[in-house]
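**Q** Okay, so here is model-v1.cif, and as you'll see once you scroll down, it has mmCIF, C-alpha atoms.
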data_query
loop_
_atom_site.label_atom_id
_atom_site.label_comp_id
_atom_site.auth_asym_id
_atom_site.auth_seq_id
_atom_site.Cartn_x
_atom_site.Cartn_y
_atom_site.Cartn_z
CA MET A 1 0.00 0.00 0.00
CA PRO A 2 1.51 3.40 -0.97
CA ALA A 3 2.73 5.57 1.90
CA ASN A 4 0.48 8.41 0.78
CA ASP A 5 -2.66 6.27 0.75
CA PRO A 6 -5.36 8.06 2.86
CA ALA A 7 -6.42 4.84 4.57
CA GLU A 8 -2.86 4.07 5.61
CA GLN A 9 -2.35 7.66 6.78
CA LEU A 10 -5.44 7.34 8.96
CA GLN A 11 -4.22 4.09 10.47
CA GLN A 12 -0.85 5.65 11.20
CA LEU A 13 -2.49 8.63 12.89
CA LYS A 14 -4.64 6.36 15.06
CA HIS A 15 -1.69 4.17 16.02
CA ARG A 16 0.55 7.11 16.93
CA LEU A 17 -2.24 8.70 18.96
CA GLU A 18 -2.83 5.45 20.80
CA VAL A 19 0.85 5.28 21.75
CA TYR A 20 0.98 8.94 22.78
CA LEU A 21 -2.26 8.88 24.80
CA SER A 22 -1.33 5.63 26.51
CA GLU A 23 1.83 7.28 27.78
CA ALA A 24 0.13 10.60 28.63
CA ALA A 25 -2.86 9.03 30.42
CA GLY A 26 -0.99 6.10 31.95
CA LEU A 27 -3.70 3.73 30.75
CA PRO A 28 -4.25 1.53 27.70
CA VAL A 29 -5.86 3.48 24.86
CA LEU A 30 -7.79 2.34 21.79
CA ILE A 31 -8.80 4.90 19.13
CA THR A 32 -12.23 3.75 17.97
CA HIS A 33 -12.97 6.57 15.53
CA ALA A 34 -11.08 9.41 13.85
CA GLN A 35 -12.32 11.82 11.19
CA PRO A 36 -11.37 15.32 10.02
CA LEU A 37 -13.75 18.12 10.95
CA ALA A 38 -15.02 20.60 8.37
CA GLY A 39 -14.37 24.32 8.65
CA GLY A 40 -11.38 26.31 9.79
CA ALA A 41 -8.64 27.27 7.35
CA SER A 42 -5.96 27.92 9.97
CA ARG A 43 -5.71 24.56 11.80
CA ASP A 44 -6.17 20.86 11.10
CA MET A 45 -9.04 19.55 13.28
CA TRP A 46 -10.04 15.93 13.97
CA ARG A 47 -12.85 14.29 15.91
CA ILE A 48 -11.32 11.50 17.98
CA ASP A 49 -13.20 8.80 19.92
CA ALA A 50 -11.04 6.84 22.34
CA GLN A 51 -11.35 4.12 24.91
CA ILE A 52 -9.04 5.11 27.77
CA GLY A 53 -9.02 2.37 30.34
CA ASP A 54 -12.68 1.77 31.13
CA ALA A 55 -13.82 5.24 29.99
CA HIS A 56 -15.08 6.19 26.53
CA GLU A 57 -13.90 9.70 25.66
CA ARG A 58 -14.73 12.07 22.82
CA PHE A 59 -11.99 14.51 21.88
CA VAL A 60 -11.03 17.09 19.28
CA LEU A 61 -7.43 17.14 18.07
CA ARG A 62 -6.10 20.50 16.86
CA ARG A 63 -2.75 20.62 15.08
CA ASP A 64 -0.67 22.82 12.81
CA PRO A 65 -1.14 22.57 9.01
CA PRO A 66 1.72 22.64 6.46
CA THR A 67 1.58 26.45 6.15
CA GLN A 68 0.71 29.28 8.50
CA MET A 69 -2.18 31.71 8.07
CA ASN A 70 -0.47 34.29 10.29
CA GLU A 71 3.10 34.06 11.54
CA GLN A 72 2.02 35.90 14.70
CA ALA A 73 -0.50 33.22 15.65
CA LEU A 74 0.09 31.48 18.97
CA THR A 75 1.69 28.07 19.18
CA ARG A 76 -0.47 25.11 20.14
CA ALA A 77 1.11 25.04 23.60
CA GLN A 78 0.33 28.73 24.10
CA GLU A 79 -3.23 28.32 22.86
CA PHE A 80 -3.64 25.33 25.18
CA SER A 81 -2.49 27.39 28.18
CA LEU A 82 -4.96 30.17 27.36
CA MET A 83 -7.85 27.75 27.03
CA ARG A 84 -6.96 26.11 30.31
CA ALA A 85 -6.93 29.49 32.08
CA ALA A 86 -10.24 30.46 30.44
CA PHE A 87 -11.79 27.13 31.43
CA GLU A 88 -10.70 27.64 35.03
CA ALA A 89 -12.13 31.19 34.94
CA GLY A 90 -15.57 29.86 33.97
CA VAL A 91 -15.51 30.73 30.29
CA ARG A 92 -17.53 28.33 28.12
CA VAL A 93 -14.64 26.56 26.44
CA ALA A 94 -13.82 22.93 25.72
CA LYS A 95 -11.73 21.44 28.53
CA PRO A 96 -8.09 21.15 27.38
CA ARG A 97 -6.71 17.67 28.07
CA PHE A 98 -3.30 16.98 26.46
CA VAL A 99 -0.70 19.03 24.60
CA CYS A 100 2.27 17.77 22.56
CA GLU A 101 5.06 19.82 20.97
CA ASP A 102 7.02 16.78 19.75
CA GLU A 103 6.67 16.85 15.96
CA ALA A 104 7.76 13.21 15.78
CA VAL A 105 4.36 12.12 17.11
CA LEU A 106 2.03 13.47 14.40
CA GLY A 107 4.33 15.59 12.24
CA SER A 108 3.42 18.90 13.89
CA PRO A 109 2.52 20.24 17.36
CA PHE A 110 -1.02 19.52 18.56
CA PHE A 111 -3.31 19.52 21.54
CA ILE A 112 -6.38 17.54 22.48
CA MET A 113 -9.52 18.92 24.12
CA ASP A 114 -12.91 17.54 25.03
CA TYR A 115 -15.47 17.31 22.24
CA VAL A 116 -18.40 19.73 22.66
CA ASP A 117 -21.66 19.10 20.84
CA GLY A 118 -22.63 22.09 18.77
CA VAL A 119 -22.74 23.73 15.35
CA GLY A 120 -19.69 25.74 14.36
CA ILE A 121 -20.54 26.52 10.73
CA GLY A 122 -21.61 30.16 10.65
CA SER A 123 -24.15 29.89 7.82
CA LYS A 124 -26.00 27.18 9.75
CA VAL A 125 -25.92 29.10 13.01
CA VAL A 126 -27.62 32.14 11.46
CA ARG A 127 -30.14 30.23 9.31
CA ASP A 128 -30.97 26.79 10.72
CA PRO A 129 -34.62 26.76 11.91
CA ALA A 130 -33.62 24.29 14.63
CA LEU A 131 -31.41 27.01 16.16
CA ALA A 132 -34.05 29.78 16.14
CA ALA A 133 -34.45 29.69 19.92
CA ALA A 134 -30.68 29.58 20.37
CA ARG A 135 -30.26 32.73 18.27
CA GLU A 136 -32.53 34.59 20.69
CA GLN A 137 -30.20 33.67 23.56
CA LEU A 138 -26.91 34.22 21.76
CA PRO A 139 -26.52 38.04 21.99
CA ALA A 140 -26.67 38.08 25.79
CA GLN A 141 -24.59 34.91 26.06
CA MET A 142 -21.93 36.27 23.71
CA ALA A 143 -21.83 39.54 25.65
CA GLU A 144 -21.43 37.69 28.94
CA GLN A 145 -18.67 35.40 27.68
CA LEU A 146 -16.77 38.21 25.99
CA ALA A 147 -16.94 40.29 29.17
CA ARG A 148 -15.58 37.32 31.13
CA ILE A 149 -12.78 36.75 28.61
CA HIS A 150 -11.77 40.39 28.98
CA THR A 151 -11.17 39.83 32.72
CA LEU A 152 -8.31 37.36 32.08
CA ASN A 153 -5.04 38.87 33.29
CA PRO A 154 -2.62 39.64 30.42
CA ALA A 155 0.29 39.53 32.88
CA ASP A 156 -0.28 35.77 33.18
CA PHE A 157 0.60 35.36 29.50
CA PRO A 158 3.87 37.18 28.71
CA PHE A 159 3.95 35.65 25.22
CA LEU A 160 0.90 37.62 24.06
CA MET A 161 1.33 40.32 21.44
CA ARG A 162 0.52 43.74 22.88
CA PRO A 163 0.59 47.37 21.75
CA GLN A 164 4.17 48.42 21.10
CA PRO A 165 6.09 51.71 21.16
CA PRO A 166 6.24 54.41 20.05
CA LYS A 167 2.49 54.98 20.21
CA HIS A 168 1.39 51.93 22.25
CA SER A 169 -1.74 51.86 20.09
CA ALA A 170 -3.68 48.70 19.26
CA ALA A 171 -5.10 50.45 16.20
CA GLN A 172 -1.69 51.47 14.87
CA ASP A 173 -0.33 47.98 15.48
CA ALA A 174 -3.22 46.48 13.48
CA ILE A 175 -2.60 48.93 10.65
CA HIS A 176 1.12 48.16 10.59
CA ALA A 177 0.37 44.42 10.55
CA CYS A 178 -1.76 44.95 7.43
CA TYR A 179 1.05 46.85 5.73
CA ALA A 180 3.48 44.06 6.63
CA ILE A 181 1.28 41.41 5.00
CA LEU A 182 0.80 43.49 1.87
CA ASP A 183 4.57 44.07 1.66
CA SER A 184 5.29 40.35 2.12
CA LEU A 185 2.96 39.60 -0.81
CA SER A 186 4.31 42.49 -2.91
CA ALA A 187 0.64 43.51 -3.24
CA LYS A 188 -0.09 46.91 -4.78
CA ASN A 189 -3.70 47.67 -3.91
CA PRO A 190 -5.02 51.27 -3.97
CA VAL A 191 -8.17 50.42 -2.00
CA PHE A 192 -6.19 49.01 0.91
CA GLU A 193 -3.70 51.87 0.77
CA TYR A 194 -6.49 54.43 0.92
CA ALA A 195 -8.36 52.57 3.67
CA LEU A 196 -5.27 52.13 5.82
CA ARG A 197 -4.34 55.80 5.45
CA TRP A 198 -7.89 56.72 6.56
CA ALA A 199 -7.55 54.35 9.52
CA GLU A 200 -4.27 55.98 10.55
CA ARG A 201 -5.84 59.44 10.49
CA HIS A 202 -9.00 58.48 12.38
CA ALA A 203 -7.69 56.07 15.02
CA PRO A 204 -9.38 56.48 18.43
CA ALA A 205 -7.52 58.89 20.68
CA HIS A 206 -7.93 56.71 23.77
CA GLU A 207 -7.67 52.96 24.24
CA THR A 208 -8.12 50.51 27.10
CA HIS A 209 -5.82 47.51 26.86
CA LEU A 210 -7.21 44.17 28.03
CA PHE A 211 -6.90 40.48 27.21
CA CYS A 212 -8.66 39.92 23.86
CA HIS A 213 -9.73 36.62 22.30
CA GLY A 214 -8.79 37.96 18.87
CA ASP A 215 -11.29 36.01 16.74
CA PHE A 216 -14.55 36.08 18.71
CA ARG A 217 -17.37 35.70 16.19
CA ILE A 218 -20.04 33.42 14.78
CA GLY A 219 -18.12 30.60 13.13
CA ASN A 220 -15.71 30.32 16.06
CA LEU A 221 -18.48 29.61 18.55
CA LEU A 222 -20.12 26.22 19.00
CA VAL A 223 -23.88 26.64 19.21
CA ASN A 224 -26.50 24.11 20.26
CA ALA A 225 -30.21 24.28 21.14
CA GLY A 226 -29.37 26.11 24.37
CA GLY A 227 -27.24 28.74 22.68
CA LEU A 228 -23.51 29.25 23.11
CA ALA A 229 -21.87 25.95 24.04
CA ALA A 230 -18.16 26.81 23.68
CA VAL A 231 -15.76 29.52 22.51
CA ALA A 232 -13.19 28.09 20.09
CA ASP A 233 -10.06 29.16 18.18
CA TRP A 234 -7.90 31.09 20.65
CA GLU A 235 -4.79 31.27 18.47
CA PHE A 236 -5.07 35.02 17.81
CA ALA A 237 -5.45 36.09 21.43
CA HIS A 238 -3.52 39.24 22.27
CA VAL A 239 -3.60 42.34 24.43
CA GLY A 240 -5.71 45.03 22.80
CA ASP A 241 -8.70 47.32 22.97
CA PRO A 242 -11.99 45.54 23.80
CA HIS A 243 -13.73 47.76 21.24
CA GLU A 244 -11.78 45.79 18.62
CA GLU A 245 -13.70 42.62 19.53
CA LEU A 246 -17.05 44.41 19.65
CA GLY A 247 -16.55 45.82 16.17
CA TYR A 248 -15.00 42.67 14.72
CA LEU A 249 -18.00 40.42 15.38
CA CYS A 250 -20.21 42.96 13.58
CA MET A 251 -18.30 42.73 10.29
CA ARG A 252 -20.48 41.93 7.29
CA ASP A 253 -18.58 38.72 6.50
CA TRP A 254 -19.43 37.37 9.96
CA ARG A 255 -23.16 37.93 9.36
CA PHE A 256 -23.11 35.07 6.85
CA GLY A 257 -25.59 36.58 4.42
CA ILE A 258 -27.98 38.08 7.01
CA GLY A 259 -26.64 41.54 6.34
CA HIS A 260 -29.41 43.60 7.95
CA LEU A 261 -28.69 42.12 11.41
CA ARG A 262 -25.47 43.93 12.20
CA MET A 263 -24.51 41.86 15.23
CA SER A 264 -23.28 38.65 13.65
CA GLY A 265 -26.38 38.13 11.50
CA ILE A 266 -28.49 37.30 14.56
CA SER A 267 -29.55 40.61 16.12
CA GLU A 268 -29.31 44.38 16.08
CA ARG A 269 -26.08 45.73 17.52
CA GLU A 270 -27.35 48.00 20.28
CA PRO A 271 -28.97 45.34 22.52
CA PHE A 272 -25.73 43.37 22.40
CA LEU A 273 -23.62 46.41 23.32
CA ARG A 274 -25.93 47.23 26.24
CA ALA A 275 -25.65 43.63 27.46
CA TYR A 276 -21.86 43.83 27.24
CA GLU A 277 -21.90 47.05 29.26
CA GLN A 278 -24.02 45.33 31.89
CA PHE A 279 -21.77 42.28 32.19
CA SER A 280 -18.45 44.15 31.93
CA GLY A 281 -19.28 47.27 33.92
CA ARG A 282 -17.65 49.40 31.20
CA THR A 283 -19.20 52.06 28.96
CA VAL A 284 -18.82 51.27 25.27
CA ASP A 285 -17.75 54.01 22.86
CA ARG A 286 -20.01 53.38 19.84
CA ALA A 287 -17.77 55.42 17.53
CA ALA A 288 -14.79 53.24 18.50
CA VAL A 289 -16.84 50.13 17.71
CA ASP A 290 -17.64 51.62 14.29
CA TYR A 291 -13.93 52.27 13.71
CA TRP A 292 -12.92 48.72 14.61
CA GLU A 293 -15.64 47.26 12.41
CA PHE A 294 -14.19 49.25 9.51
CA LEU A 295 -10.61 48.26 10.30
CA GLY A 296 -11.71 44.66 10.79
CA ASN A 297 -13.02 44.57 7.23
CA VAL A 298 -9.74 45.97 5.93
CA ARG A 299 -7.61 43.57 7.96
CA TRP A 300 -9.70 40.54 6.96
CA GLY A 301 -9.48 41.59 3.32
CA VAL A 302 -5.68 41.70 3.58
CA ILE A 303 -5.60 38.32 5.34
CA CYS A 304 -7.75 36.85 2.56
CA LEU A 305 -5.00 37.72 0.10
CA SER A 306 -2.50 35.98 2.36
CA GLN A 307 -4.75 32.93 2.63
CA ALA A 308 -5.03 32.69 -1.15
CA ASN A 309 -1.24 32.86 -1.39
CA ARG A 310 -0.98 29.69 0.70
CA HIS A 311 -2.74 27.97 -2.21
CA LEU A 312 -1.04 29.87 -5.02
CA SER A 313 2.40 29.13 -3.56
CA GLY A 314 1.79 25.44 -4.12
CA LYS A 315 2.59 24.65 -0.49
CA GLU A 316 -1.01 23.93 0.50
CA PRO A 317 -3.36 23.36 -2.49
CA SER A 318 -6.90 24.13 -1.33
CA VAL A 319 -10.06 25.30 -3.05
CA GLU A 320 -11.13 26.93 0.22
CA LEU A 321 -7.92 28.94 0.49
CA ALA A 322 -8.12 29.94 -3.17
CA SER A 323 -11.71 31.12 -2.77
CA LEU A 324 -10.72 33.43 0.07
CA GLY A 325 -8.73 35.50 -2.39
CA ARG A 326 -11.99 36.54 -4.03
CA ARG A 327 -13.45 37.48 -0.65
CA SER A 328 -10.80 40.15 -0.38
CA ALA A 329 -12.62 42.19 -3.05
CA GLU A 330 -15.84 41.97 -1.02
CA MET A 331 -14.06 43.34 2.05
CA GLN A 332 -12.62 46.19 0.02
CA LEU A 333 -16.11 47.09 -1.17
CA GLU A 334 -17.49 46.94 2.37
CA ALA A 335 -14.73 49.17 3.70
#
Kindly present the structure from the file in structure tokens form.
**A**
Amino acid sequence: MPANDPAEQLQQLKHRLEVYLSEAAGLPVLITHAQPLAGGASRDMWRIDAQIGDAHERFVLRRDPPTQMNEQALTRAQEFSLMRAAFEAGVRVAKPRFVCEDEAVLGSPFFIMDYVDGVGIGSKVVRDPALAAAREQLPAQMAEQLARIHTLNPADFPFLMRPQPPKHSAAQDAIHACYAILDSLSAKNPVFEYALRWAERHAPAHETHLFCHGDFRIGNLLVNAGGLAAVADWEFAHVGDPHEELGYLCMRDWRFGIGHLRMSGISEREPFLRAYEQFSGRTVDRAAVDYWEFLGNVRWGVICLSQANRHLSGKEPSVELASLGRRSAEMQLEA
């Protein structure tokens, strides 16, 4: 059987996981089921069912792909540590179980967390009739969880990116990151140049710097009949302005076709912002939220070009990655 045969690759993955988990758990392990999970262009995700001793466990394995979406993304060990801290702080997050940085095990670093039942595909979350009641609960639940995430202490995570001199501005750092990506791609794009210049001139004068999830939105939240089941994808956590997160989840692309409902395609924005104010105890600057929604569109449009380059480079052929290049034009129009 050829070494690149998918069936053989699956058997190798199961065997190596069995050996690793047996050592990590100190019990005999049998992998009874393993399958890749749909969605997510930044990490390779697998549903894993395992018999560990007498217990049947359901896990999700999250590991690095061949190429990186963002060189500033956290490592799997760092992401694991954040999720563990969030779990202990009462945030709705899958319980982290095992982390491995030894590339000899599966070819790249990975961690394993508990499986959480829920829908993570954004288009289903905003449209599925079975989740209608959940959508009514989501705005308040999202506000509560985001407020709780913002209470995590950045000092506990010295590896986090944070606003840098000379201006110590989260907005300026985001703008400079966009320029860096465009330069790395040798991209000459007048829309992005104009938008980034506007963003530089209109950046908020005052910022509050807190722990930020970095990618808090529909599509990175697991949703079930009761609403928000778990917050996923912590790899872009950083220290920044909480207004960034409030504007980011309002971006048109994260409404998944329900454009008239500004808050993630599930509700109007104002009730969500009032709920966040209630849970966080902070007053929200609506103009700052507007600014970060604008800059979020610009930044996502730039990242879409970078995602497409992962395909065009030949390092990671993917129709999904290629299609994101077209989305960049949509973000330019929105901005």
**Q** Could you tell me which of A:Ala38, A:Leu160, A:Ala203, A:Val105 comes closest to Ser81 (chain A) if we count all atoms listed in the file?
**A**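 Smallest separation from Ser81 (chain A) among the options: A:Leu160.
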**Q** Hey, what's within 6 Å of Arg262 (chain A) if we count only C-alpha atoms and toss same-chain stuff fewer than 5 positions away? As an mmCIF file with C-alpha atoms, in the frame of the given file, please?
**A**
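So the final result, stored in around-v4.cif, reads:
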data_model
loop_
_atom_site.group_PDB
_atom_site.id
_atom_site.type_symbol
_atom_site.label_atom_id
_atom_site.label_comp_id
_atom_site.auth_asym_id
_atom_site.auth_seq_id
_atom_site.Cartn_x
_atom_site.Cartn_y
_atom_site.Cartn_z
ATOM 1 C CA CYS A 250 -20.210 42.960 13.580
ATOM 2 C CA GLU A 268 -29.310 44.380 16.080
ATOM 3 C CA ARG A 269 -26.080 45.730 17.520
#
**Q** Please compute the CA of His243 (chain A)-CA of Trp292 (chain A) distance, one decimal, in Å.
**A**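 Taking CA of His243 (chain A) as the start and CA of Trp292 (chain A) as the end point, the length is 6.7 Å.
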**Q** Between A:Thr208, A:Ser318, A:Gln145, A:Gln332, which one has atoms that come closest to Gly296 (chain A), using only C-alpha atoms?
**A**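 Using only C-alpha atoms, the shortest distance to Gly296 (chain A) belongs to A:Gln332.
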**Q** Could you please determine the separation between CA of Ser323 (chain A) and CA of Ser306 (chain A) in Å, to one decimal place?
**A**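 CA of Ser306 (chain A) lies at a distance of 11.6 Å from CA of Ser323 (chain A).
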